[in-house]
$ cat final_31.cif   # mmCIF, C-alpha atoms
data_coords
loop_
_atom_site.label_atom_id
_atom_site.label_comp_id
_atom_site.auth_asym_id
_atom_site.auth_seq_id
_atom_site.Cartn_x
_atom_site.Cartn_y
_atom_site.Cartn_z
CA MET P 23 25.41 -28.84 -18.43
CA ALA P 24 26.48 -28.59 -14.82
CA THR P 25 24.42 -30.20 -12.13
CA THR P 26 24.28 -27.76 -9.26
CA THR P 27 23.15 -28.46 -5.71
CA ALA P 28 22.52 -25.84 -3.05
CA SER P 29 22.37 -26.86 0.60
CA LEU P 30 21.51 -24.73 3.59
CA ALA P 31 22.10 -25.63 7.21
CA ILE P 32 20.94 -23.38 10.05
CA SER P 33 21.95 -24.32 13.56
CA SER P 34 21.82 -22.76 16.99
CA SER P 35 22.20 -24.06 20.50
CA ASP P 36 20.65 -21.13 22.32
CA LEU P 37 18.20 -19.37 20.00
CA GLN P 38 15.32 -21.56 21.14
CA PRO P 39 16.02 -22.59 24.73
CA GLY P 40 15.34 -26.26 25.25
CA ASN P 41 15.01 -26.85 21.54
CA ARG P 42 18.26 -27.06 19.67
CA LEU P 43 17.78 -25.56 16.23
CA SER P 44 18.85 -27.61 13.24
CA ILE P 45 17.39 -26.89 9.83
CA ASN P 46 18.70 -28.54 6.71
CA ALA P 47 17.47 -27.88 3.20
CA SER P 48 18.94 -29.04 -0.05
CA SER P 49 17.77 -28.57 -3.59
CA LEU P 50 18.94 -29.47 -7.02
CA LEU P 51 18.89 -26.29 -9.04
CA MET P 52 16.71 -27.07 -12.02
CA LYS P 53 16.28 -25.17 -15.23
CA THR P 54 12.95 -23.56 -15.90
CA GLY P 55 11.47 -26.81 -17.07
CA LEU P 56 12.11 -30.14 -15.43
CA THR P 57 15.67 -30.50 -16.69
CA GLU P 58 18.82 -30.32 -14.65
CA GLY P 59 21.81 -28.31 -15.57
CA LEU P 60 22.03 -24.57 -15.26
CA GLU P 61 23.99 -23.15 -18.15
CA ILE P 62 25.71 -20.05 -16.88
CA LEU P 63 27.74 -19.36 -13.78
CA ASP P 64 28.70 -15.72 -13.44
CA ALA P 65 30.82 -15.16 -10.35
CA GLY P 66 33.33 -12.70 -9.02
CA THR P 67 34.41 -10.34 -6.32
CA GLY P 68 34.57 -6.61 -6.03
CA GLU P 69 34.94 -3.64 -3.74
CA LEU P 70 32.33 -1.01 -3.13
CA THR P 71 33.02 2.46 -1.84
CA VAL P 72 30.43 4.78 -0.39
CA ALA P 73 31.25 7.31 -3.10
CA MET P 74 30.23 4.85 -5.81
CA SER P 75 26.57 5.22 -4.84
CA THR P 76 24.30 2.50 -6.27
CA LYS P 77 26.02 0.02 -8.58
CA LYS P 78 24.31 -2.43 -10.86
CA LEU P 79 25.35 -5.96 -9.96
CA ASN P 80 23.54 -7.89 -12.66
CA ASP P 81 21.04 -7.09 -15.39
CA ALA P 82 18.00 -9.21 -16.10
CA LEU P 83 19.20 -9.89 -19.63
CA GLY P 84 18.25 -13.54 -19.81
CA THR P 85 14.88 -14.99 -20.66
CA ALA P 86 12.05 -13.69 -18.48
CA ASP P 87 10.46 -15.98 -15.92
CA THR P 88 13.29 -18.46 -15.88
CA SER P 89 14.95 -20.23 -13.00
CA ASN P 90 18.05 -18.36 -11.86
CA TRP P 91 19.85 -17.93 -8.56
CA MET P 92 21.78 -15.22 -6.84
CA TYR P 93 24.42 -15.50 -4.12
CA LEU P 94 25.97 -12.43 -2.52
CA ALA P 95 28.29 -12.09 0.47
CA ASN P 96 29.68 -9.06 2.25
CA HIS P 97 33.31 -9.63 3.22
CA ALA P 98 33.69 -6.42 5.22
CA THR P 99 35.14 -6.75 8.71
CA ASP P 100 33.64 -3.65 10.32
CA ASP P 101 30.28 -4.88 11.61
CA THR P 102 28.72 -1.43 11.44
CA ASN P 103 29.05 -1.33 7.66
CA TYR P 104 26.56 -2.88 5.33
CA ILE P 105 25.67 -3.30 1.69
CA GLU P 106 22.16 -2.33 0.72
CA VAL P 107 20.78 -4.78 -1.81
CA GLY P 108 18.10 -3.77 -4.28
CA LEU P 109 16.01 -5.55 -6.88
CA HIS P 110 14.86 -2.92 -9.38
CA ASP P 111 12.87 -0.40 -7.29
CA THR P 112 12.69 -2.51 -4.13
CA ILE P 113 15.25 -2.43 -1.33
CA ILE P 114 15.54 -6.07 -0.37
CA GLY P 115 17.65 -5.66 2.73
CA ARG P 116 20.99 -4.98 4.34
CA LEU P 117 23.92 -7.33 4.13
CA TYR P 118 26.17 -6.62 7.09
CA ALA P 119 29.83 -7.61 7.42
CA GLY P 120 30.19 -11.36 7.05
CA ASP P 121 26.58 -11.95 6.05
CA TRP P 122 25.42 -13.60 2.85
CA MET P 123 22.23 -14.27 0.96
CA PHE P 124 21.01 -16.85 -1.51
CA THR P 125 17.76 -16.43 -3.36
CA PRO P 126 16.00 -17.49 -6.53
CA TRP P 127 15.75 -14.84 -9.20
CA ASN P 128 13.16 -15.36 -11.89
CA MET P 129 13.99 -12.28 -13.99
CA SER P 130 10.29 -11.55 -14.35
CA ASP P 131 11.07 -8.81 -16.85
CA ALA P 132 13.90 -6.52 -17.90
CA ALA P 133 13.18 -4.33 -14.85
CA ALA P 134 14.48 -6.94 -12.42
CA GLU P 135 18.11 -5.96 -12.09
CA TRP P 136 20.15 -6.38 -8.90
CA SER P 137 21.95 -3.38 -7.44
CA ILE P 138 24.18 -2.87 -4.42
CA GLU P 139 25.34 0.15 -2.45
CA ALA P 140 27.93 0.44 0.31
CA GLU P 141 26.91 2.21 3.51
CA GLY P 142 29.38 3.19 6.19
CA GLY P 143 32.62 2.43 4.42
CA THR P 144 34.41 0.54 1.69
CA GLN P 145 33.37 -3.10 1.57
CA LYS P 146 34.47 -6.15 -0.36
CA TYR P 147 31.80 -8.39 -1.78
CA GLU P 148 31.56 -11.72 -3.52
CA TYR P 149 28.79 -12.81 -5.84
CA ALA P 150 27.61 -15.67 -8.04
CA PHE P 151 24.72 -15.91 -10.44
CA PHE P 152 23.47 -19.24 -11.72
CA LYS P 153 21.35 -18.86 -14.82
CA SER P 154 19.06 -21.15 -16.74
CA THR P 155 19.68 -19.79 -20.17
CA TYR P 156 21.48 -16.94 -21.75
CA VAL P 157 21.44 -15.49 -25.22
CA LEU P 158 24.63 -13.83 -26.27
CA ALA P 159 24.30 -10.30 -27.55
CA ASN P 160 24.93 -9.68 -31.23
CA SER P 161 28.47 -8.74 -32.04
CA ALA P 162 29.07 -5.15 -33.08
CA GLN P 163 31.67 -6.39 -35.55
CA ALA P 164 30.68 -5.78 -39.12
CA ASN P 165 30.30 -8.68 -41.51
CA ASN P 166 31.16 -9.05 -45.15
CA SER P 167 28.37 -9.65 -47.63
CA ASP P 168 28.99 -13.38 -47.44
CA GLY P 169 28.51 -13.34 -43.67
CA THR P 170 32.14 -13.75 -42.71
CA PRO P 171 33.59 -11.28 -40.21
CA ASP P 172 35.10 -8.19 -41.75
CA VAL P 173 38.52 -7.96 -40.15
CA ASN P 174 39.07 -4.46 -41.55
CA PRO P 175 35.73 -2.71 -41.17
CA MET I 13 21.44 -12.91 23.32
CA ALA I 14 21.77 -15.94 21.11
CA SER I 15 23.64 -16.84 18.00
CA PHE I 16 22.92 -19.01 15.01
CA THR I 17 24.99 -20.25 12.14
CA PRO I 18 23.58 -20.44 8.63
CA THR I 19 25.82 -22.31 6.21
CA LEU I 20 25.36 -22.39 2.46
CA THR I 21 27.06 -25.06 0.38
CA LEU I 22 27.05 -24.96 -3.40
CA THR I 23 28.41 -27.83 -5.45
CA THR I 24 28.40 -28.68 -9.12
CA SER I 25 29.31 -31.70 -11.12
CA SER I 26 29.55 -32.34 -14.82
CA LEU I 27 31.44 -29.18 -15.54
CA THR I 28 33.87 -29.68 -18.35
CA SER I 29 36.81 -28.55 -16.23
CA SER I 30 36.95 -28.06 -12.46
CA ASP I 31 33.77 -28.61 -10.46
CA LEU I 32 32.54 -26.06 -7.96
CA SER I 33 32.61 -26.83 -4.27
CA PHE I 34 31.90 -23.86 -2.09
CA SER I 35 30.72 -23.21 1.42
CA VAL I 36 30.05 -20.02 3.36
CA SER I 37 28.74 -19.41 6.84
CA THR I 38 28.23 -16.60 9.29
CA SER I 39 27.26 -16.39 12.96
CA PRO I 40 25.11 -13.36 13.71
CA THR I 41 24.04 -12.57 17.25
CA VAL I 42 20.29 -12.14 17.58
CA THR I 43 17.54 -12.10 20.19
CA ASP I 44 14.36 -13.30 18.60
CA THR I 45 12.83 -15.79 16.22
CA THR I 46 9.40 -16.72 14.99
CA GLY I 47 10.41 -20.36 15.17
CA LEU I 48 9.97 -22.62 12.20
CA GLN I 49 6.47 -22.19 10.81
CA ARG I 50 4.34 -23.43 7.96
CA THR I 51 1.40 -21.77 6.33
CA THR I 52 -0.89 -22.74 3.47
CA LEU I 53 -1.19 -20.31 0.62
CA ASN I 54 -4.61 -20.10 -0.97
CA SER I 55 -4.48 -16.87 -2.95
CA THR I 56 -3.22 -17.28 -6.49
CA SER I 57 -3.15 -13.67 -7.56
CA LYS I 58 -2.20 -10.11 -6.70
CA VAL I 59 -5.22 -8.85 -8.62
CA THR I 60 -7.65 -7.30 -6.17
CA LYS I 61 -11.31 -8.03 -6.72
CA LEU I 62 -14.49 -7.89 -4.71
CA SER I 63 -17.07 -10.58 -5.45
CA VAL I 64 -20.66 -11.31 -4.53
CA LEU I 65 -22.02 -14.82 -4.24
CA VAL I 66 -24.87 -14.89 -6.77
CA GLY I 67 -25.10 -11.93 -9.10
CA ASP I 68 -28.74 -12.27 -10.11
CA ALA I 69 -30.14 -12.99 -6.64
CA ASP I 70 -32.79 -10.39 -5.78
CA VAL I 71 -32.84 -8.61 -2.46
CA ALA I 72 -36.55 -8.04 -2.04
CA ASP I 73 -36.25 -6.02 1.17
CA ALA I 74 -33.22 -3.75 1.19
CA THR I 75 -33.61 -3.08 4.90
CA THR I 76 -32.13 -6.52 5.51
CA ILE I 77 -28.85 -5.13 4.22
CA GLU I 78 -29.13 -1.70 5.85
CA GLY I 79 -26.14 -0.85 8.03
CA GLN I 80 -24.04 -3.69 6.68
CA TYR I 81 -20.56 -2.66 5.57
CA ILE I 82 -17.25 -3.65 4.07
CA ASP I 83 -13.83 -2.08 4.66
CA ILE I 84 -11.40 -1.43 1.81
CA THR I 85 -7.88 -0.02 2.23
CA ASP I 86 -5.75 1.32 -0.61
CA ASN I 87 -2.00 0.86 -0.94
CA HIS I 88 -1.31 4.07 0.99
CA GLY I 89 -3.29 2.88 4.00
CA LEU I 90 -6.43 4.93 3.34
CA ARG I 91 -9.32 2.88 4.70
CA ARG I 92 -12.92 3.48 3.82
CA ARG I 93 -15.93 1.76 5.39
CA TYR I 94 -18.70 1.46 2.81
CA VAL I 95 -22.13 1.27 4.47
CA PHE I 96 -25.45 0.39 2.87
CA THR I 97 -28.51 2.60 3.31
CA THR I 98 -32.01 1.96 1.99
CA ALA I 99 -33.68 4.34 -0.43
CA ASP I 100 -37.15 2.88 0.21
CA ALA I 101 -36.96 3.86 3.86
CA SER I 102 -35.52 7.35 3.25
CA GLY I 103 -31.94 6.31 3.84
CA SER I 104 -29.20 8.70 2.83
CA ALA I 105 -28.11 9.02 -0.78
CA SER I 106 -24.81 7.51 -1.84
CA ASN I 107 -21.40 9.09 -1.30
CA VAL I 108 -22.21 10.79 2.00
CA ILE I 109 -19.90 10.59 4.99
CA ILE I 110 -21.85 9.19 7.92
CA VAL I 111 -22.31 11.35 11.02
CA THR I 112 -24.68 11.05 13.96
CA GLY I 113 -27.67 12.38 12.03
CA THR I 114 -27.15 10.40 8.82
CA ASP I 115 -30.28 8.40 8.02
CA LEU I 116 -29.57 4.76 7.34
CA GLY I 117 -33.20 4.03 6.53
CA SER I 118 -34.82 2.81 9.71
CA GLY I 119 -33.23 5.64 11.68
CA THR I 120 -30.15 7.77 12.05
CA ALA I 121 -26.78 6.23 12.81
CA GLY I 122 -26.81 8.01 16.17
CA ALA I 123 -30.33 6.94 17.12
CA LEU I 124 -29.52 3.36 16.17
CA ASN I 125 -26.31 3.48 18.26
CA ARG I 126 -24.23 2.66 15.20
CA GLU I 127 -21.11 4.55 16.22
CA ASP I 128 -19.14 1.90 14.36
CA LEU I 129 -20.40 3.44 11.13
CA PHE I 130 -19.37 7.05 11.84
CA GLY I 131 -16.97 8.24 9.16
CA GLY I 132 -18.15 5.58 6.77
CA VAL I 133 -19.43 6.34 3.29
CA THR I 134 -22.99 5.59 2.27
CA VAL I 135 -24.02 3.30 -0.58
CA GLN I 136 -27.75 3.65 -1.20
CA ILE I 137 -29.58 0.54 -2.38
CA THR I 138 -33.24 -0.16 -2.99
CA ASP I 139 -35.77 -2.98 -2.79
CA GLY I 140 -35.41 -5.43 -5.65
CA ASP I 141 -31.73 -4.79 -6.25
CA GLU I 142 -29.80 -7.87 -7.20
CA GLN I 143 -26.49 -8.66 -5.56
CA ARG I 144 -24.87 -7.56 -8.81
CA ASP I 145 -26.68 -4.20 -8.65
CA ILE I 146 -25.56 -3.64 -5.07
CA LEU I 147 -21.97 -4.40 -6.03
CA GLU I 148 -22.23 -2.00 -8.96
CA LYS I 149 -23.58 0.76 -6.69
CA LEU I 150 -20.74 0.11 -4.28
CA ARG I 151 -18.09 0.29 -6.98
CA VAL I 152 -19.49 3.67 -8.13
CA VAL I 153 -19.05 5.01 -4.60
CA ILE I 154 -15.52 3.58 -4.38
CA ASN I 155 -14.65 5.78 -7.36
CA ALA I 156 -16.57 8.79 -6.02
CA SER I 157 -15.32 11.86 -4.15
CA ASN I 158 -15.95 10.51 -0.65
CA GLY I 159 -14.90 7.02 -1.58
CA HIS I 160 -11.34 6.28 -2.49
CA ALA I 161 -11.63 9.16 -4.93
CA GLY I 162 -9.07 8.06 -7.46
CA SER I 163 -6.59 6.05 -5.44
CA ILE I 164 -8.56 2.97 -6.51
CA THR I 165 -10.36 2.44 -9.78
CA ALA I 166 -13.21 -0.05 -9.47
CA ALA I 167 -14.26 -1.54 -12.80
CA ALA I 168 -17.89 -1.87 -13.88
CA VAL I 169 -19.61 -5.11 -12.95
CA ALA I 170 -20.76 -7.29 -15.84
CA SER I 171 -24.45 -7.81 -16.56
CA GLU I 172 -26.30 -9.98 -14.08
CA ALA I 173 -25.49 -13.67 -14.02
CA ALA I 174 -26.42 -16.63 -11.85
CA ALA I 175 -22.85 -16.92 -10.63
CA VAL I 176 -20.17 -15.21 -8.61
CA GLN I 177 -19.68 -11.70 -9.98
CA SER I 178 -16.99 -9.20 -9.20
CA THR I 179 -15.50 -5.78 -9.65
CA THR I 180 -11.75 -5.59 -10.17
CA LEU I 181 -9.89 -2.87 -8.28
CA THR I 182 -6.81 -1.37 -9.91
CA ASN I 183 -4.41 1.44 -9.19
CA PRO I 184 -4.58 4.25 -11.74
CA THR I 185 -1.14 5.54 -10.72
CA ALA I 186 1.57 4.13 -12.97
CA GLY I 187 4.17 2.10 -11.13
CA GLU I 188 2.05 1.64 -8.03
CA SER I 189 0.64 -1.60 -6.76
CA GLY I 190 -2.93 -2.75 -7.23
CA VAL I 191 -2.73 -4.92 -4.15
CA PHE I 192 -5.35 -3.41 -1.86
CA LEU I 193 -6.93 -4.78 1.30
CA ILE I 194 -10.54 -5.96 1.35
CA ASP I 195 -11.52 -7.08 4.82
CA ALA I 196 -14.02 -9.67 3.63
CA LYS I 197 -13.56 -11.80 6.74
CA ASN I 198 -14.78 -9.07 9.07
CA SER I 199 -17.27 -7.56 6.68
CA THR I 200 -20.88 -7.62 7.80
CA TRP I 201 -22.12 -7.52 4.20
CA ILE I 202 -23.60 -10.95 3.76
CA HIS I 203 -23.31 -11.15 -0.02
CA VAL I 204 -19.51 -11.14 -0.14
CA SER I 205 -17.97 -14.21 -1.69
CA ASN I 206 -14.98 -15.09 0.46
CA THR I 207 -13.78 -18.58 -0.41
CA THR I 208 -10.66 -19.91 -2.11
CA VAL I 209 -12.27 -20.38 -5.51
CA ALA I 210 -10.65 -18.33 -8.23
CA THR I 211 -13.69 -16.11 -8.76
CA SER I 212 -13.99 -15.19 -5.09
CA THR I 213 -12.91 -11.98 -3.37
CA ASN I 214 -9.13 -11.62 -3.44
CA SER I 215 -6.82 -9.01 -1.95
CA GLY I 216 -3.65 -8.55 0.06
CA VAL I 217 -5.58 -9.78 3.09
CA ASP I 218 -5.44 -13.25 1.53
CA HIS I 219 -1.62 -13.19 1.38
CA PRO I 220 -0.09 -14.39 4.67
CA THR I 221 2.55 -12.20 6.29
CA LEU I 222 5.84 -14.08 6.57
CA LEU I 223 7.78 -11.17 8.05
CA ASP I 224 6.01 -8.61 10.22
CA LYS I 225 7.54 -5.13 9.97
CA ASN I 226 6.44 -4.37 13.52
CA GLU I 227 8.19 -7.38 14.99
CA PHE I 228 11.79 -7.20 13.77
CA LEU I 229 14.56 -4.70 13.25
CA SER I 230 16.78 -4.70 10.17
CA PRO I 231 18.26 -7.00 9.16
CA ALA I 232 15.91 -9.87 9.83
CA PHE I 233 17.17 -13.15 8.42
CA VAL I 234 14.50 -15.09 6.62
CA TYR I 235 14.58 -18.72 5.65
CA ILE I 236 11.81 -19.69 3.23
CA LYS I 237 11.23 -23.04 1.64
CA ASN I 238 8.56 -24.16 -0.77
CA THR I 239 7.50 -27.62 0.42
CA ALA I 240 5.83 -28.59 -2.87
CA ASN I 241 7.44 -30.97 -5.31
CA PHE I 242 9.42 -29.32 -8.06
CA SER I 243 7.36 -28.32 -11.06
CA ALA I 244 7.98 -25.93 -13.87
CA THR I 245 4.70 -24.15 -13.33
CA ALA I 246 2.61 -25.53 -10.47
CA GLY I 247 3.08 -24.83 -6.79
CA ARG I 248 5.26 -21.76 -7.09
CA VAL I 249 5.54 -19.33 -4.18
CA PHE I 250 5.84 -15.60 -4.82
CA CYS I 251 6.96 -13.12 -2.16
CA TYR I 252 6.67 -9.34 -2.10
CA TYR I 253 6.92 -6.38 0.26
CA ASP I 254 3.56 -4.67 0.77
CA ASN I 255 4.99 -1.27 -0.11
CA HIS I 256 3.60 1.10 -2.75
CA GLY I 257 5.03 -0.88 -5.64
CA ALA I 258 4.61 -4.40 -4.22
CA GLU I 259 7.01 -5.88 -6.76
CA ASP I 260 7.61 -9.60 -6.49
CA ILE I 261 11.09 -10.11 -5.07
CA MET I 262 11.18 -13.89 -5.02
CA GLU I 263 9.70 -16.76 -6.95
CA ILE I 264 10.43 -20.02 -5.16
CA ARG I 265 9.65 -23.24 -6.99
CA GLY I 266 8.85 -26.54 -5.34
CA GLY I 267 11.57 -27.89 -3.08
CA HIS I 268 13.70 -24.76 -3.39
CA PHE I 269 14.63 -22.32 -0.66
CA ALA I 270 15.98 -18.85 0.00
CA PHE I 271 17.94 -17.33 2.84
CA VAL I 272 17.97 -13.56 2.81
CA PRO I 273 18.53 -10.73 5.27
CA LEU I 274 15.52 -8.50 4.74
CA SER I 275 14.73 -4.93 5.74
CA PRO I 276 11.39 -5.09 7.49
CA ASN I 277 10.24 -1.61 6.53
CA ASN I 278 7.21 -3.35 5.11
CA ASN I 279 5.55 -6.69 5.64
CA LEU I 280 6.77 -9.60 3.56
CA LYS I 281 3.74 -11.30 2.01
CA ALA I 282 3.31 -14.43 -0.08
CA TYR I 283 0.94 -15.94 -2.61
CA THR I 284 1.11 -18.94 -4.89
CA SER I 285 0.39 -20.27 -8.35
CA THR I 286 -1.54 -23.25 -6.95
CA VAL I 287 -4.11 -23.24 -4.14
CA GLY I 288 -2.88 -25.21 -1.14
CA THR I 289 0.87 -24.73 -1.60
CA ILE I 290 2.59 -24.87 1.78
CA VAL I 291 5.47 -22.55 2.54
CA GLU I 292 7.87 -23.18 5.40
CA TYR I 293 9.61 -20.17 6.91
CA MET I 294 11.51 -18.87 9.87
CA VAL I 295 12.49 -15.33 10.75
CA ILE I 296 15.53 -14.72 12.94
CA GLY I 297 16.54 -11.28 14.14
CA ASP I 298 16.20 -8.66 16.82
CA ASP I 299 12.95 -7.47 18.35
CA ALA I 300 11.64 -4.17 17.05
#
$ encode --input "final_31.cif" --output "structure tokens"
Amino acid sequence: MATTTASLAISSSDLQPGNRLSINASSLLMKTGLTEGLEILDAGTGELTVAMSTKKLNDALGTADTSNWMYLANHATDDTNYIEVGLHDTIIGRLYAGDWMFTPWNMSDAAAEWSIEAEGGTQKYEYAFFKSTYVLANSAQANNSDGTPDVNP
Amino acid sequence: MASFTPTLTLTTSSLTSSDLSFSVSTSPTVTDTTGLQRTTLNSTSKVTKLSVLVGDADVADATTIEGQYIDITDNHGLRRRYVFTTADASGSASNVIIVTGTDLGSGTAGALNREDLFGGVTVQITDGDEQRDILEKLRVVINASNGHAGSITAAAVASEAAAVQSTTLTNPTAGESGVFLIDAKNSTWIHVSNTTVATSTNSGVDHPTLLDKNEFLSPAFVYIKNTANFSATAGRVFCYYDNHGAEDIMEIRGGHFAFVPLSPNNNLKAYTSTVGTIVEYMVIGDDA
């Protein structure tokens, strides 16, 4: 499957006077074991309104305690607005206009879902989830006795 | 004011169709940073337990322990100072809140100028008690009305053994954290086992604070990297807010990193799966 690399660079010329800041980190996103190649990329964009209240961004439906990753960006332009990001019962933090986050997500159990909520105004967001494994849900379609799909259930 | 630019680049190869190549950056204006820091994680668990060094070691003269104490704080911030008194020298019975006239054994707290014990809760011990017995008497008082009185449940200590022995502290309230604070470092009780071995005392005190809620406003940008080599199981770093639930919010495996704007309403703490794992981190934000 796909070999995925995440790199982070943090730079600043004036945050630490006399000491130019330059941090670089790069990691190959491994599966839960020692194998490369995350299997699922779930990405998209959306728009949150304040009236929507809390929206579920992604359920922890994969295998628990696996290696997964979450990227989220707030594409709002009003810097007073923010998206509140939650992981199950915990408020992780605020993602203000233009900000982004990238974090591992181990889906420790089913109660490890991501949620987002717009504060201050309507905001566009962008997200991507990289997952180790994923088991497709059973189809609701009925089968015939020989196991073939029943096209006229 | 200062600014910094974090840039994330994500690339893939070996996709069957088009590969991913993606980059995003932002340039927040901030005032403060912790600077890039490293700390060694030695606690491997969020299970809180209080241990004594040698369970079956006799304490022939209980007055040697008289007035010694240990502080325990539950997940709502309720701190209790548990103070030992000696039965053989007419020290106060257990589960009594210490005031000026409370007899510790060799005298009252006031007469002995032990103002540091006022408000503490007595744990009465006696000559010949083993370290295990003293721990058991302490855990009974933790559960008692003037102890933590239900916010912490301290489990019974096993029968005496020539080894480290402990009581495990849990939270009886469903959904709440069992990560309490045991101030073993500043305890005057000499029997406390406070090393990095797995059987030793362990609590939230042993989890370093990566983000101090009193230092930064929201959002505080946090860069965290696990400096260990990648492994499926060893050397993992776990992070959590020390709020009532204390759910883990990150598991960072060796060589991996996270960059997250956090809300410092609580402290961000860390522990590991392997003693000695080093975490690298930097907080960037505005002064609180």
$ interface_residues --input "final_31.cif" --of "chain P" --to "chain I" --cutoff "6 Å" --atoms "all atoms listed in the file" --output "list in words"
Ala24, Thr25, Thr26, Thr27, Ala28, Ser29, Leu30, Ala31, Ile32, Ser33, Ser34, Asp36, Leu37, Ser49, Thr54, Gly55, Ile114, Gly115, Arg116, Asp121, Met123, Phe124 and Thr125 of chain P
$ atom_distance --input "final_31.cif" --atom1 "atom CA of Asn87 of chain I" --atom2 "atom CA of His160 of chain I"
10.9 Å
$ residues_around --input "final_31.cif" --residues "Thr71 of chain P" --least-positions-apart "2" --cutoff "6 Å" --atoms "only C-alpha atoms" --output "ChimeraX atom specification"
/P:73-74,140,144
$ atom_distance --input "final_31.cif" --atom1 "atom CA of Arg91 of chain I" --atom2 "atom CA of Gly122 of chain I"
21.5 Å
$ axis_aligned_box --input "final_31.cif" --around "segment 275-291 of chain I" --padding-each-side "5 Å" --output "lines of an AutoDock Vina configuration file"
center_x = 5.3
center_y = -13.4
center_z = -0.4
size_x = 28.8
size_y = 33.6
size_z = 25.8
$ closest_residue --input "final_31.cif" --among "I:Lys58, I:Arg248, I:Arg144, I:Arg151" --to "Ala170 of chain I" --atoms "all atoms listed in the file"
I:Arg144
$ closest_residue --input "final_31.cif" --among "I:Ser104, I:Ser285, I:Thr98, I:Thr85" --to "Gly247 of chain I" --atoms "only C-alpha atoms"
I:Ser285
$ resolve_selection --input "final_31.cif" --expression "the PyMOL selection byres ((chain P and resi 131) around 8)" --output "ChimeraX atom specification"
/P:82,86-87,129-130,132-134
$ write_last_selection --input "final_31.cif" --atoms "C-alpha atoms" --output "PDB file, keeping the file's coordinate frame"
ATOM      1  CA  ALA P  82      18.000  -9.210 -16.100  1.00  0.00           C
ATOM      2  CA  ALA P  86      12.050 -13.690 -18.480  1.00  0.00           C
ATOM      3  CA  ASP P  87      10.460 -15.980 -15.920  1.00  0.00           C
ATOM      4  CA  MET P 129      13.990 -12.280 -13.990  1.00  0.00           C
ATOM      5  CA  SER P 130      10.290 -11.550 -14.350  1.00  0.00           C
ATOM      6  CA  ALA P 132      13.900  -6.520 -17.900  1.00  0.00           C
ATOM      7  CA  ALA P 133      13.180  -4.330 -14.850  1.00  0.00           C
ATOM      8  CA  ALA P 134      14.480  -6.940 -12.420  1.00  0.00           C
TER       9      ALA P 134
END
$ atom_distance --input "final_31.cif" --atom1 "atom CA of Ala166 of chain I" --atom2 "atom CA of Thr213 of chain I"
13.4 Å
$ closest_residue --input "final_31.cif" --among "P:Asn80, P:Lys53, P:Asp64, P:Val72" --to "Glu139 of chain P" --atoms "all atoms listed in the file"
P:Val72
$ closest_residue --input "final_31.cif" --among "I:Thr221, I:Thr284, I:Ser215, I:Thr75" --to "Gly117 of chain I" --atoms "only C-alpha atoms"
I:Thr75
$ resolve_selection --input "final_31.cif" --expression "the PyMOL selection byres ((chain I and resi 82) around 10)" --output "PyMOL selection string"
chain I and resi 80-81+83-84+92-96+132+150+194-202+204
$ residues_around --input "final_31.cif" --residues "Asn183 of chain I" --least-positions-apart "6" --cutoff "8 Å" --atoms "all atoms listed in the file" --output "MDAnalysis selection string"
chainID I and resid 163:165 189:190
$ write_last_selection --input "final_31.cif" --atoms "C-alpha atoms" --output "JSON list (two decimals), in the coordinates of the input"
[["chain", "number", "residue", "atom", "x", "y", "z"],
["I", 163, "SER", "CA", -6.59, 6.05, -5.44],
["I", 164, "ILE", "CA", -8.56, 2.97, -6.51],
["I", 165, "THR", "CA", -10.36, 2.44, -9.78],
["I", 189, "SER", "CA", 0.64, -1.60, -6.76],
["I", 190, "GLY", "CA", -2.93, -2.75, -7.23]]
$ resolve_selection --input "final_31.cif" --expression "the PyMOL selection byres ((chain I and resi 129) around 8)" --output "PDB file with C-alpha atoms, keeping the file's coordinate frame"
ATOM      1  CA  GLY I  79     -26.140  -0.850   8.030  1.00  0.00           C
ATOM      2  CA  ARG I  93     -15.930   1.760   5.390  1.00  0.00           C
ATOM      3  CA  VAL I  95     -22.130   1.270   4.470  1.00  0.00           C
ATOM      4  CA  ILE I 110     -21.850   9.190   7.920  1.00  0.00           C
ATOM      5  CA  ALA I 121     -26.780   6.230  12.810  1.00  0.00           C
ATOM      6  CA  ARG I 126     -24.230   2.660  15.200  1.00  0.00           C
ATOM      7  CA  GLU I 127     -21.110   4.550  16.220  1.00  0.00           C
ATOM      8  CA  ASP I 128     -19.140   1.900  14.360  1.00  0.00           C
ATOM      9  CA  PHE I 130     -19.370   7.050  11.840  1.00  0.00           C
ATOM     10  CA  GLY I 131     -16.970   8.240   9.160  1.00  0.00           C
ATOM     11  CA  GLY I 132     -18.150   5.580   6.770  1.00  0.00           C
TER      12      GLY I 132
END
$ closest_residue --input "final_31.cif" --among "I:Thr56, I:Thr286, I:Thr211, I:Asn125" --to "Thr112 of chain I" --atoms "all atoms listed in the file"
I:Asn125
$ closest_residue --input "final_31.cif" --among "P:Thr102, P:Thr112, P:Ser89, P:Gln145" --to "Leu60 of chain P" --atoms "only C-alpha atoms"
P:Ser89
$ closest_atom_pairs --input "final_31.cif" --of "segment 55-119 of chain P" --to "segment 147-151 of chain P" --cutoff "8 Å" --atoms "only C-alpha atoms" --output "CSV"
residue,atom,partner,partner_atom,distance
P:Ile62,CA,P:Phe151,CA,7.7
P:Leu63,CA,P:Phe151,CA,5.7
P:Asp64,CA,P:Phe151,CA,5.0
P:Ala65,CA,P:Ala150,CA,4.0
P:Gly66,CA,P:Tyr149,CA,5.5
P:Thr67,CA,P:Glu148,CA,4.2
P:Gly68,CA,P:Tyr147,CA,5.4
P:Glu69,CA,P:Tyr147,CA,6.0
P:Leu70,CA,P:Tyr147,CA,7.5
P:Asn90,CA,P:Phe151,CA,7.2
P:Trp91,CA,P:Phe151,CA,5.6
P:Met92,CA,P:Phe151,CA,4.7
P:Tyr93,CA,P:Ala150,CA,5.1
P:Leu94,CA,P:Tyr149,CA,4.4
P:Ala95,CA,P:Glu148,CA,5.2
P:Asn96,CA,P:Tyr147,CA,4.6
P:His97,CA,P:Tyr147,CA,5.4
P:Ala98,CA,P:Tyr147,CA,7.5
